[in-house]
Structures are given as structure tokens and as C-alpha cells.
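Below is one structure, written out as C-alpha cells, with a few remarks after it.
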Amino acid sequence: MRVGIISPNYYAEETGNAVTVRRVERHLKELGCEVKVFATDRMAGEKLQGAVAEFAPDILHAFHAYHGGRMACVLSKVLGIPYLVTFTGTDIYNALCDQRNLELHGALRGASRLVAFHGCVRHRLAKHMPSLEERTAIIPQGVDLPVDCTTLPPAEEGSFTFLLPAGLRPVKNVLFPLEPLAALYAAHPQVRLLLAGPVLDKDYAAQVMEALERYPFARYLGVVGHDLMGDLYRRIDVVLNSSLSEGGMANTVLEAMAYAKPLLVADIEGNRSVVKEHVTGLLYRDSGEFVAKAGELLADARLREKLGKNGKAQVREHYSPDKEAVSYLNLYREILQAK
């Protein structure tokens, strides 16, 4: 089977969409598919159409309903091939609710099937477009289990480090942890915060850089290659997610669990779909809860160990990239048989 993937990102390897697409591409190829990715941030218009036509896929698979789905919809009409769309985050939590929604509706209605990472995303779609709920399949994100989970020495001796892996843009809300962690740092000077991720919004990134100057315990690492993130996870103590929304489950949350790291995450739908309170991590609703739970993790090594162990077991049982790829392949076959 020849599968053409339409993705808003691919060459910026550290973005969530690129991580997802590269994983799915790799595992589909292992199943015998011929796969080619067309990144809309590198190619558009007639050039993209020509490249897809030359590849001659049997089916198109768009990631991100707005940035990928709209292009897949156009290509489907021109080339006469079916397409499906996987929701990845801002498409379901933002684009359906703002000025982009009319364009988005067309892309979704034209798709043979839709895919959500979790039932909470399908439920949200049903509130806006109830007729599409039955056409939406649930395929959880996969995550590759690391070969080596051995703890490495901390980047700074004697430190207790929180890691926030996220692109710098408003929806990731990376400014939030600074003030509550400052309160914790006042009582526990070993506290550190590391931010790692690409600049995706220059204005917001400028605000982050300005804010970091006021918090001596915090440091921005810049872009850390996905192949180097494993060593970073192994050197830190707790992984954070402060997002305002996530498309069912964040890659970084699943990766932290794969590395047996405890989580402290915002109490939002996408995080609740993966993180269970005091089982695989801790959830917070405001700065007061953040400080209290960050302090709990700092003080209780046994709790950190329990959360990390449970998280790794959950990833191993429920988030297999092999199962993810097989589920997509079965869906492709179902779509093509119905033509």
C-alpha cells in the first residue's frame, strides 16, 4: 500500500506533529507500506500537488485537521483518492472555535474517516459536529520504549530538576511554572527548572526570555534534538506539562512515562486521558496546587519512584507504536475497500 502523509511539520523534528508523523511513518514501513511524507511548511500549491501526484498514493493521511486536512481535502478532489485526518491538538481545541472553523468543517466532512487519540477528543468534536462522531476512530498515540532507562548524574550536582519540554507558544503556557517554582525555590534552593523546545511563536518566546532573567533557578536549553531527549529525561527528577490544551495526549507526557519519570501536569482533558492522580502522576488546577504537589514530589522519593514505575508499565501495556501502526493500516484497508 502506498500512503501519502500530509503533515504541517516534519523537518522540525522536535515539534509534536513531527515526532508523531516520524514514528507512524517508521512503523508503517515496517509493516510493508510504502510511505512518503509531504510537509506543508516546506511545500505548497502546485509543487505539492505535483509531488503527491508523482508518488501516486492509494490513500492520503493528514495530521492536524486545519494545516494538514485542508490540503488533503484539495488533493483528494484533484487526484481522486480518499483521505483521513488525525486530530493532533490545536485543530480540535482552537481551530473549531475560531475564524478557521468554516474551512475546517469542509476538510472534516470530506474525509473518509477521522482519528482521535482519546475519547475526550471525539466527544469534543461531537459538540461541534455531531454527525461526524460515528466516523471518528480512536487510535491512541504510541511511544517507543527506550533501550536504556539508567539514571544519569544530574546536570548540576545536588539539584532537584523539573523539566518542561514544550515549544514556546502561548498554548503551552510555559510561563506558568516560574512563579510557583520561585516560591518552592525560596525554601529549597536546590530546585531547578529546565525549559526545552523550539521557538514556535517569536513574540511569546521573547516574553519567556525576558521572564527567565528574573528567575535564577530557571534556564532555557533551546532546541534539544529528539535523539538527545532520552539523556535529558534520565538526568532530571520530574517532568512538567503546563499546556492550556492537548490533543488527547502529549508525546512528551508519554515519553516521560516511558523513562519512568514522575509527572506534574495541568488538569486538562488531554493530560487526564493519560495521567491518573497519584498513580502515574499528579495533576494541578492552579498555582497553589502546583506548589503543594511540586513540594510533595520534592520531598517523597518513594512517591516519585511509584509514579515512574506505574507510568512505564502503563506505556508498555497501552501505548505500543506497533499497535498504533497496525490500527492505521487496518483503517486504510477499510477505507479503500469501501470505495
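In the C-alpha cells, chains take letters A, B, ... by order of appearance, with residues numbered from 1 within each chain and ligands from 1 in the order shown.
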Within 10 Å of Thr40 in chain A using only C-alpha atoms, minus same-chain residues under 6 positions, as a short mmCIF file (atom, residue, chain, number, x, y, z; two decimals) with all heavy atoms, in the first residue's frame:
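And here's around.cif as it stands now:
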data_model
loop_
_atom_site.label_atom_id
_atom_site.label_comp_id
_atom_site.auth_asym_id
_atom_site.auth_seq_id
_atom_site.Cartn_x
_atom_site.Cartn_y
_atom_site.Cartn_z
N ILE A 6 0.28 13.86 4.86
CA ILE A 6 0.30 15.32 4.78
C ILE A 6 0.47 15.85 6.20
O ILE A 6 -0.38 15.63 7.06
CB ILE A 6 -1.00 15.88 4.16
CG1 ILE A 6 -1.34 15.17 2.85
CG2 ILE A 6 -0.87 17.38 3.96
CD1 ILE A 6 -0.33 15.34 1.75
N SER A 7 1.58 16.53 6.44
CA SER A 7 1.90 16.98 7.80
C SER A 7 2.32 18.44 7.79
O SER A 7 3.04 18.88 6.90
CB SER A 7 3.03 16.14 8.37
OG SER A 7 3.48 16.66 9.61
N PRO A 8 1.88 19.23 8.79
CA PRO A 8 2.33 20.62 8.87
C PRO A 8 3.80 20.74 9.23
O PRO A 8 4.45 21.75 8.93
CB PRO A 8 1.44 21.22 9.96
CG PRO A 8 1.01 20.06 10.79
CD PRO A 8 0.91 18.89 9.85
N ASN A 9 4.35 19.72 9.90
CA ASN A 9 5.76 19.72 10.29
C ASN A 9 6.36 18.35 10.03
O ASN A 9 5.69 17.34 10.17
CB ASN A 9 5.93 20.06 11.78
CG ASN A 9 5.31 21.37 12.17
OD1 ASN A 9 4.28 21.38 12.82
ND2 ASN A 9 5.93 22.47 11.78
N TYR A 10 7.61 18.34 9.69
CA TYR A 10 8.33 17.07 9.53
C TYR A 10 9.82 17.30 9.74
O TYR A 10 10.48 16.55 10.43
CB TYR A 10 8.09 16.50 8.15
CG TYR A 10 8.75 15.14 7.93
CD1 TYR A 10 8.23 14.00 8.54
CD2 TYR A 10 9.89 15.01 7.13
CE1 TYR A 10 8.82 12.76 8.35
CE2 TYR A 10 10.49 13.78 6.93
CZ TYR A 10 9.95 12.65 7.54
OH TYR A 10 10.54 11.42 7.35
N LEU A 48 3.34 21.01 -4.38
CA LEU A 48 2.90 19.92 -3.51
C LEU A 48 2.01 18.95 -4.28
O LEU A 48 2.16 17.73 -4.20
CB LEU A 48 2.16 20.48 -2.29
CG LEU A 48 1.56 19.45 -1.33
CD1 LEU A 48 2.64 18.54 -0.75
CD2 LEU A 48 0.82 20.15 -0.20
N HIS A 67 -4.18 22.41 9.31
CA HIS A 67 -2.98 22.57 8.48
C HIS A 67 -2.78 21.41 7.51
O HIS A 67 -2.26 21.60 6.41
CB HIS A 67 -1.75 22.76 9.36
CG HIS A 67 -1.77 24.02 10.16
ND1 HIS A 67 -1.80 25.26 9.58
CD2 HIS A 67 -1.79 24.23 11.50
CE1 HIS A 67 -1.82 26.20 10.52
NE2 HIS A 67 -1.81 25.59 11.69
N GLY A 68 -3.15 20.20 7.91
CA GLY A 68 -3.00 19.05 7.01
C GLY A 68 -4.28 18.68 6.31
O GLY A 68 -4.28 18.34 5.12
N MET A 71 -5.41 20.67 3.08
CA MET A 71 -4.63 20.32 1.90
C MET A 71 -5.01 18.94 1.38
O MET A 71 -5.14 18.72 0.17
CB MET A 71 -3.13 20.37 2.23
CG MET A 71 -2.22 20.06 1.05
SD MET A 71 -2.51 21.17 -0.36
CE MET A 71 -1.93 22.72 0.34
#
Which residues in range 151-226 of chain A does DSSP call strand (DSSP E)? List them as a PyMOL selection string.
chain A and resi 160-165+191-196+218-220
Distance query Gly295 in chain A at most 9 Å, only C-alpha atoms, self and fewer than 5 positions along chain excluded, as number ranges by chain:
A: 184, 290, 300
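The nearest approach to Ala313 in chain A among the residues A:Val191, A:Val85, A:Ile139, A:Leu145, with only C-alpha atoms taken into account, belongs to A:Leu145.
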For Ala107 in chain A, list every protein, DNA or RNA residue within 12 Å, evaluated using only C-alpha atoms, and leave out those in the same chain fewer than 5 positions away; present the list as a VMD selection string.
chain A and resid 62 to 77 82 to 87 91 95 to 96 100 to 102 112 to 114 132
With N, CA and C atoms kept, could you save the residues just selected as a compact mmCIF listing (two decimals), in the first residue's frame?
# COMPACT_ATOMS: atom_id res chain seq x y z
N ALA A 62 -3.78 12.83 6.63
CA ALA A 62 -3.43 14.17 7.11
C ALA A 62 -3.33 14.20 8.63
N PHE A 63 -2.28 14.83 9.12
CA PHE A 63 -2.14 15.08 10.56
C PHE A 63 -2.38 16.57 10.78
N HIS A 64 -3.22 16.89 11.75
CA HIS A 64 -3.70 18.23 12.07
C HIS A 64 -4.78 18.61 11.07
N ALA A 65 -6.01 18.72 11.57
CA ALA A 65 -7.16 18.90 10.68
C ALA A 65 -7.09 20.19 9.87
N TYR A 66 -6.60 21.27 10.49
CA TYR A 66 -6.58 22.54 9.76
C TYR A 66 -5.38 22.60 8.81
N HIS A 67 -4.18 22.41 9.31
CA HIS A 67 -2.98 22.57 8.48
C HIS A 67 -2.78 21.41 7.51
N GLY A 68 -3.15 20.20 7.91
CA GLY A 68 -3.00 19.05 7.01
C GLY A 68 -4.28 18.68 6.31
N GLY A 69 -5.40 18.74 7.04
CA GLY A 69 -6.68 18.29 6.50
C GLY A 69 -7.17 19.09 5.31
N ARG A 70 -7.00 20.42 5.38
CA ARG A 70 -7.47 21.25 4.26
C ARG A 70 -6.72 20.90 2.98
N MET A 71 -5.41 20.67 3.08
CA MET A 71 -4.63 20.32 1.90
C MET A 71 -5.01 18.94 1.38
N ALA A 72 -5.23 18.00 2.29
CA ALA A 72 -5.64 16.66 1.88
C ALA A 72 -6.99 16.69 1.17
N CYS A 73 -7.87 17.55 1.63
CA CYS A 73 -9.20 17.69 1.01
C CYS A 73 -9.06 18.15 -0.44
N VAL A 74 -8.22 19.15 -0.67
CA VAL A 74 -8.00 19.66 -2.02
C VAL A 74 -7.38 18.58 -2.90
N LEU A 75 -6.34 17.92 -2.40
CA LEU A 75 -5.65 16.89 -3.17
C LEU A 75 -6.57 15.72 -3.49
N SER A 76 -7.42 15.38 -2.54
CA SER A 76 -8.36 14.28 -2.75
C SER A 76 -9.29 14.56 -3.93
N LYS A 77 -9.77 15.79 -4.01
CA LYS A 77 -10.67 16.15 -5.12
C LYS A 77 -9.95 16.16 -6.45
N PRO A 82 -9.01 8.84 -1.61
CA PRO A 82 -9.60 9.14 -0.30
C PRO A 82 -8.56 9.63 0.70
N TYR A 83 -9.05 10.28 1.75
CA TYR A 83 -8.14 10.73 2.80
C TYR A 83 -8.79 10.58 4.16
N LEU A 84 -7.95 10.51 5.18
CA LEU A 84 -8.39 10.54 6.57
C LEU A 84 -7.59 11.60 7.30
N VAL A 85 -8.11 12.02 8.45
CA VAL A 85 -7.49 13.10 9.22
C VAL A 85 -7.32 12.66 10.67
N THR A 86 -6.12 12.87 11.20
CA THR A 86 -5.87 12.65 12.62
C THR A 86 -5.79 13.99 13.33
N PHE A 87 -6.61 14.15 14.38
CA PHE A 87 -6.55 15.37 15.21
C PHE A 87 -5.30 15.32 16.07
N ASP A 91 -6.04 21.87 16.42
CA ASP A 91 -7.12 21.76 15.43
C ASP A 91 -8.47 21.54 16.10
N ALA A 95 -9.01 25.65 16.42
CA ALA A 95 -9.50 25.96 15.07
C ALA A 95 -10.99 25.74 14.90
N LEU A 96 -11.57 24.78 15.65
CA LEU A 96 -13.01 24.55 15.55
C LEU A 96 -13.81 25.68 16.18
N ARG A 100 -11.34 30.03 11.80
CA ARG A 100 -10.95 28.98 10.86
C ARG A 100 -12.00 27.87 10.73
N ASN A 101 -13.06 27.93 11.52
CA ASN A 101 -13.94 26.77 11.63
C ASN A 101 -14.67 26.42 10.34
N LEU A 102 -15.01 27.40 9.50
CA LEU A 102 -15.73 27.08 8.27
C LEU A 102 -14.84 26.27 7.32
N SER A 112 -12.82 10.47 4.64
CA SER A 112 -13.46 9.15 4.76
C SER A 112 -13.59 8.75 6.22
N ARG A 113 -12.55 9.02 7.01
CA ARG A 113 -12.59 8.74 8.44
C ARG A 113 -11.79 9.82 9.16
N LEU A 114 -12.07 9.96 10.45
CA LEU A 114 -11.33 10.85 11.33
C LEU A 114 -10.74 10.02 12.45
N LEU A 132 -20.33 13.72 12.76
CA LEU A 132 -19.03 13.12 12.46
C LEU A 132 -18.56 12.15 13.55
Which residues of range 191-236 of chain A come within 10 Å of range 258-263 of chain A, and for each one, what is the closest pair of atoms and their distance in Å to one decimal, counting only C-alpha atoms, sorted by chain and residue number, as a tab-separated table?
residue	atom	partner	partner_atom	distance
A:Gly230	CA	A:Tyr259	CA	7.7
A:Asp231	CA	A:Tyr259	CA	9.8
A:Tyr233	CA	A:Tyr259	CA	6.8
A:Arg234	CA	A:Tyr259	CA	7.1
A:Ile236	CA	A:Lys261	CA	8.3
Residue set, range 83-155 of chain A restricted to alpha helix (DSSP H), as number ranges by chain
A: 90-93, 101-110, 119-128
With range 243-256 of chain A as the partner and 8 Å as the cut-off, tabulate the residues of range 57-164 of chain A that qualify, each row holding the nearest pair of atoms and their distance in Å to one decimal, using only C-alpha atoms, sorted by chain and rising number, as a tab-separated table.
residue	atom	partner	partner_atom	distance
A:Phe87	CA	A:Gly247	CA	6.7
A:Thr88	CA	A:Gly247	CA	4.9
A:Gly89	CA	A:Gly247	CA	3.4
A:Thr90	CA	A:Gly247	CA	6.9
A:Ile92	CA	A:Gly247	CA	7.1
A:Tyr93	CA	A:Ser245	CA	6.8
A:Ala116	CA	A:Gly248	CA	7.3
A:Phe117	CA	A:Gly248	CA	5.2
A:His118	CA	A:Gly248	CA	5.2
A:Gly119	CA	A:Gly248	CA	8.0
A:Cys120	CA	A:Gly248	CA	6.8
A:Val121	CA	A:Gly248	CA	6.0
A:Gln141	CA	A:Met249	CA	7.2
A:Val143	CA	A:Leu254	CA	6.4
A:Asp144	CA	A:Glu255	CA	7.9
Could you write out the selected residues, including N, CA and C atoms, as a PDB file, in the first residue's frame?
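See selection26.pdb below for the written result:
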ATOM      1  N   PHE A  87      -6.608  14.154  14.380  1.00  0.00           N
ATOM      2  CA  PHE A  87      -6.555  15.366  15.208  1.00  0.00           C
ATOM      3  C   PHE A  87      -5.298  15.324  16.073  1.00  0.00           C
ATOM      4  N   THR A  88      -4.601  16.463  16.177  1.00  0.00           N
ATOM      5  CA  THR A  88      -3.364  16.468  16.952  1.00  0.00           C
ATOM      6  C   THR A  88      -3.325  17.505  18.076  1.00  0.00           C
ATOM      7  N   GLY A  89      -4.325  18.387  18.175  1.00  0.00           N
ATOM      8  CA  GLY A  89      -4.292  19.333  19.296  1.00  0.00           C
ATOM      9  C   GLY A  89      -5.025  20.621  19.042  1.00  0.00           C
ATOM     10  N   THR A  90      -4.298  21.626  18.501  1.00  0.00           N
ATOM     11  CA  THR A  90      -4.922  22.938  18.307  1.00  0.00           C
ATOM     12  C   THR A  90      -6.030  22.900  17.271  1.00  0.00           C
ATOM     13  N   ILE A  92      -8.498  20.740  17.144  1.00  0.00           N
ATOM     14  CA  ILE A  92      -9.769  20.414  17.803  1.00  0.00           C
ATOM     15  C   ILE A  92     -10.074  21.390  18.941  1.00  0.00           C
ATOM     16  N   TYR A  93      -9.039  21.967  19.563  1.00  0.00           N
ATOM     17  CA  TYR A  93      -9.265  22.849  20.714  1.00  0.00           C
ATOM     18  C   TYR A  93      -9.281  24.327  20.357  1.00  0.00           C
ATOM     19  N   ALA A 116      -9.019  10.245  16.466  1.00  0.00           N
ATOM     20  CA  ALA A 116      -8.693  10.964  17.697  1.00  0.00           C
ATOM     21  C   ALA A 116      -7.824  10.058  18.561  1.00  0.00           C
ATOM     22  N   PHE A 117      -6.961  10.677  19.362  1.00  0.00           N
ATOM     23  CA  PHE A 117      -6.107   9.894  20.241  1.00  0.00           C
ATOM     24  C   PHE A 117      -6.864   9.334  21.446  1.00  0.00           C
ATOM     25  N   HIS A 118      -7.980   9.991  21.801  1.00  0.00           N
ATOM     26  CA  HIS A 118      -8.715   9.596  23.007  1.00  0.00           C
ATOM     27  C   HIS A 118     -10.181   9.975  22.853  1.00  0.00           C
ATOM     28  N   GLY A 119     -11.034   9.307  23.607  1.00  0.00           N
ATOM     29  CA  GLY A 119     -12.464   9.573  23.545  1.00  0.00           C
ATOM     30  C   GLY A 119     -12.844  11.002  23.890  1.00  0.00           C
ATOM     31  N   CYS A 120     -12.041  11.685  24.710  1.00  0.00           N
ATOM     32  CA  CYS A 120     -12.366  13.067  25.077  1.00  0.00           C
ATOM     33  C   CYS A 120     -12.315  13.977  23.852  1.00  0.00           C
ATOM     34  N   VAL A 121     -11.453  13.653  22.888  1.00  0.00           N
ATOM     35  CA  VAL A 121     -11.355  14.449  21.670  1.00  0.00           C
ATOM     36  C   VAL A 121     -12.561  14.187  20.775  1.00  0.00           C
ATOM     37  N   GLN A 141      -1.980   7.368  20.768  1.00  0.00           N
ATOM     38  CA  GLN A 141      -0.602   7.597  20.356  1.00  0.00           C
ATOM     39  C   GLN A 141       0.272   6.448  20.850  1.00  0.00           C
ATOM     40  N   VAL A 143       4.362   5.203  21.719  1.00  0.00           N
ATOM     41  CA  VAL A 143       5.648   5.782  22.134  1.00  0.00           C
ATOM     42  C   VAL A 143       6.672   4.652  22.139  1.00  0.00           C
ATOM     43  N   ASP A 144       7.833   4.921  21.570  1.00  0.00           N
ATOM     44  CA  ASP A 144       8.888   3.912  21.539  1.00  0.00           C
ATOM     45  C   ASP A 144       9.532   3.807  22.911  1.00  0.00           C
TER      46      ASP A 144
END
Can you measure CA of Asn241 in chain A to CA of Gly167 in chain A for me? One decimal in Å is fine.
11.2 Å
Who sits within 9 Å of range 276-282 of chain A, only C-alpha atoms, same chain under 3 positions skipped, as a PyMOL selection string
chain A and resi 257+261-267+271-273+293-294+297+303-304+306-312+314
So that I can check the surroundings of Ala155 in chain A, please list as a compact mmCIF listing (two decimals) with all heavy atoms, in the first residue's frame every protein, DNA and RNA residue that reaches within 12 Å of it, counting only C-alpha atoms and ignoring chain neighbours fewer than 4 positions away.
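And here's part.txt as it stands now:
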# COMPACT_ATOMS: atom_id res chain seq x y z
N THR A 151 19.49 5.90 35.27
CA THR A 151 19.57 7.29 35.71
C THR A 151 20.98 7.82 35.51
O THR A 151 21.96 7.18 35.88
CB THR A 151 19.17 7.41 37.19
OG1 THR A 151 17.84 6.93 37.34
CG2 THR A 151 19.25 8.84 37.67
N SER A 159 21.22 19.18 42.67
CA SER A 159 20.00 19.88 42.27
C SER A 159 18.80 18.92 42.24
O SER A 159 18.95 17.70 42.20
CB SER A 159 20.18 20.49 40.88
OG SER A 159 20.37 19.48 39.91
N PHE A 160 17.61 19.51 42.29
CA PHE A 160 16.37 18.77 42.06
C PHE A 160 15.70 19.48 40.88
O PHE A 160 15.28 20.63 41.00
CB PHE A 160 15.45 18.80 43.29
CG PHE A 160 14.24 17.92 43.12
CD1 PHE A 160 14.25 16.62 43.58
CD2 PHE A 160 13.09 18.40 42.50
CE1 PHE A 160 13.13 15.80 43.42
CE2 PHE A 160 11.98 17.60 42.34
CZ PHE A 160 11.99 16.29 42.80
N THR A 161 15.62 18.78 39.75
CA THR A 161 15.29 19.47 38.50
C THR A 161 13.93 19.08 37.95
O THR A 161 13.63 17.90 37.76
CB THR A 161 16.37 19.19 37.44
OG1 THR A 161 17.64 19.59 37.96
CG2 THR A 161 16.08 19.96 36.16
N PHE A 162 13.14 20.11 37.65
CA PHE A 162 11.89 19.96 36.91
C PHE A 162 12.18 20.27 35.45
O PHE A 162 12.85 21.26 35.14
CB PHE A 162 10.83 20.94 37.43
CG PHE A 162 10.39 20.68 38.84
CD1 PHE A 162 11.09 21.22 39.91
CD2 PHE A 162 9.26 19.90 39.11
CE1 PHE A 162 10.69 20.99 41.22
CE2 PHE A 162 8.85 19.66 40.42
CZ PHE A 162 9.56 20.20 41.47
N LEU A 163 11.67 19.44 34.56
CA LEU A 163 11.86 19.64 33.12
C LEU A 163 10.51 19.94 32.47
O LEU A 163 9.55 19.20 32.67
CB LEU A 163 12.46 18.39 32.48
CG LEU A 163 12.49 18.38 30.94
CD1 LEU A 163 13.44 19.44 30.40
CD2 LEU A 163 12.90 16.98 30.42
N ARG A 192 15.55 23.44 40.48
CA ARG A 192 15.90 23.99 39.17
C ARG A 192 14.75 23.71 38.19
O ARG A 192 14.01 22.75 38.34
CB ARG A 192 17.18 23.35 38.62
CG ARG A 192 18.42 23.56 39.48
CD ARG A 192 18.88 25.01 39.45
NE ARG A 192 20.09 25.19 40.23
CZ ARG A 192 20.12 25.48 41.53
NH1 ARG A 192 18.97 25.60 42.22
NH2 ARG A 192 21.25 25.64 42.16
N LEU A 193 14.65 24.55 37.17
CA LEU A 193 13.69 24.35 36.10
C LEU A 193 14.42 24.46 34.76
O LEU A 193 15.11 25.46 34.51
CB LEU A 193 12.56 25.38 36.14
CG LEU A 193 11.61 25.39 34.92
CD1 LEU A 193 10.84 24.08 34.83
CD2 LEU A 193 10.66 26.58 34.98
N LEU A 194 14.27 23.45 33.92
CA LEU A 194 14.82 23.48 32.58
C LEU A 194 13.68 23.52 31.56
O LEU A 194 12.73 22.73 31.66
CB LEU A 194 15.69 22.24 32.31
CG LEU A 194 16.93 22.06 33.19
CD1 LEU A 194 17.66 20.77 32.82
CD2 LEU A 194 17.86 23.26 33.06
N ARG A 219 16.29 27.86 33.40
CA ARG A 219 17.18 28.01 32.24
C ARG A 219 16.51 27.44 31.00
O ARG A 219 15.85 26.39 31.07
CB ARG A 219 18.50 27.29 32.52
CG ARG A 219 19.54 27.42 31.43
CD ARG A 219 20.93 27.14 31.98
NE ARG A 219 21.06 25.81 32.52
CZ ARG A 219 21.61 24.78 31.85
NH1 ARG A 219 22.09 24.96 30.63
NH2 ARG A 219 21.72 23.60 32.42
N LEU A 221 17.07 25.70 27.50
CA LEU A 221 18.10 24.91 26.84
C LEU A 221 18.09 25.09 25.32
O LEU A 221 19.02 24.67 24.64
CB LEU A 221 17.93 23.42 27.16
CG LEU A 221 18.02 23.01 28.63
CD1 LEU A 221 17.78 21.51 28.76
CD2 LEU A 221 19.36 23.40 29.22
N ASP A 231 18.61 11.24 27.10
CA ASP A 231 19.62 11.57 28.11
C ASP A 231 19.12 12.68 29.03
O ASP A 231 19.43 12.67 30.24
CB ASP A 231 20.92 12.01 27.44
CG ASP A 231 21.72 10.83 26.90
OD1 ASP A 231 21.34 9.68 27.20
OD2 ASP A 231 22.69 11.06 26.17
N LEU A 232 18.35 13.61 28.49
CA LEU A 232 17.83 14.69 29.32
C LEU A 232 16.81 14.14 30.33
O LEU A 232 16.86 14.49 31.52
CB LEU A 232 17.19 15.76 28.44
CG LEU A 232 16.67 17.02 29.14
CD1 LEU A 232 17.76 17.68 29.99
CD2 LEU A 232 16.12 18.02 28.12
N TYR A 233 15.89 13.30 29.86
CA TYR A 233 14.91 12.69 30.78
C TYR A 233 15.63 11.94 31.90
O TYR A 233 15.20 11.96 33.07
CB TYR A 233 14.01 11.70 30.03
CG TYR A 233 12.94 12.34 29.18
CD1 TYR A 233 12.85 12.05 27.82
CD2 TYR A 233 12.00 13.22 29.72
CE1 TYR A 233 11.87 12.61 27.02
CE2 TYR A 233 11.03 13.79 28.92
CZ TYR A 233 10.96 13.48 27.58
OH TYR A 233 9.98 14.06 26.80
N ARG A 234 16.72 11.27 31.57
CA ARG A 234 17.42 10.44 32.55
C ARG A 234 18.17 11.27 33.59
O ARG A 234 18.58 10.75 34.63
CB ARG A 234 18.37 9.49 31.83
CG ARG A 234 17.65 8.42 31.03
CD ARG A 234 18.51 7.79 29.95
NE ARG A 234 19.66 7.11 30.51
CZ ARG A 234 20.77 6.86 29.82
NH1 ARG A 234 20.88 7.28 28.58
NH2 ARG A 234 21.76 6.21 30.40
N ARG A 235 18.37 12.57 33.33
CA ARG A 235 19.12 13.43 34.25
C ARG A 235 18.23 14.28 35.17
O ARG A 235 18.75 14.96 36.06
CB ARG A 235 20.04 14.37 33.47
CG ARG A 235 21.19 13.68 32.77
CD ARG A 235 22.06 14.65 32.00
NE ARG A 235 23.07 13.97 31.22
CZ ARG A 235 24.25 13.55 31.69
NH1 ARG A 235 24.55 13.78 32.97
NH2 ARG A 235 25.11 12.93 30.92
N ILE A 236 16.93 14.27 34.94
CA ILE A 236 16.05 15.17 35.71
C ILE A 236 15.16 14.35 36.66
O ILE A 236 15.16 13.12 36.63
CB ILE A 236 15.21 16.06 34.76
CG1 ILE A 236 14.37 15.24 33.78
CG2 ILE A 236 16.15 16.97 33.97
CD1 ILE A 236 13.06 14.76 34.27
N ASP A 237 14.41 15.07 37.49
CA ASP A 237 13.64 14.40 38.53
C ASP A 237 12.14 14.33 38.24
O ASP A 237 11.49 13.34 38.55
CB ASP A 237 13.87 15.12 39.87
CG ASP A 237 15.32 15.09 40.27
OD1 ASP A 237 15.78 14.03 40.72
OD2 ASP A 237 16.02 16.11 40.12
Can you tell me which residues surround Lys36 in chain A at a distance of at most 7 Å, considering only C-alpha atoms, apart from same-chain residues fewer than 6 positions away, and format the answer as a PyMOL selection string?
chain A and resi 3-5
Could you write out that same residue set with N, CA, C and O atoms as an mmCIF file, in the first residue's frame?
data_model
loop_
_atom_site.group_PDB
_atom_site.id
_atom_site.type_symbol
_atom_site.label_atom_id
_atom_site.label_comp_id
_atom_site.auth_asym_id
_atom_site.auth_seq_id
_atom_site.Cartn_x
_atom_site.Cartn_y
_atom_site.Cartn_z
ATOM 1 N N VAL A 3 1.115 5.085 0.951
ATOM 2 C CA VAL A 3 0.466 6.038 1.851
ATOM 3 C C VAL A 3 1.170 7.396 1.756
ATOM 4 O O VAL A 3 2.374 7.490 1.988
ATOM 5 N N GLY A 4 0.408 8.417 1.403
ATOM 6 C CA GLY A 4 0.938 9.776 1.393
ATOM 7 C C GLY A 4 0.503 10.505 2.647
ATOM 8 O O GLY A 4 -0.690 10.662 2.900
ATOM 9 N N ILE A 5 1.462 10.902 3.467
ATOM 10 C CA ILE A 5 1.161 11.609 4.714
ATOM 11 C C ILE A 5 1.309 13.113 4.501
ATOM 12 O O ILE A 5 2.345 13.573 4.006
#
Which residue of A:Leu28, A:Pro198, A:Ser131, A:Ala126 approaches Arg109 in chain A most closely, using only C-alpha atoms
A:Ser131
Find the residue from A:Ala211, A:Met129, A:Met1, A:Val78 that sits nearest to Pro57 in chain A; use only C-alpha atoms when measuring.
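Closest candidate: A:Met1.
Between Ala292 in chain A and the candidates A:Leu181, A:Val35, A:Pro153, A:Tyr319, the tightest atom-to-atom separation, counting only C-alpha atoms, involves A:Leu181.
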Can you tell me how far CA of Ser320 in chain A sits from CA of Arg23 in chain A, in Å to one decimal?
11.0 Å
Using only C-alpha atoms, the shortest atom-to-atom distance to Val274 in chain A among A:Ala187, A:Pro140, A:Ala205, A:Gln49 belongs to A:Pro140
Best match for closeness to Gln190 in chain A among A:Pro165, A:Gly158, A:Pro216, A:Gly45, counting only C-alpha atoms
A:Gly158
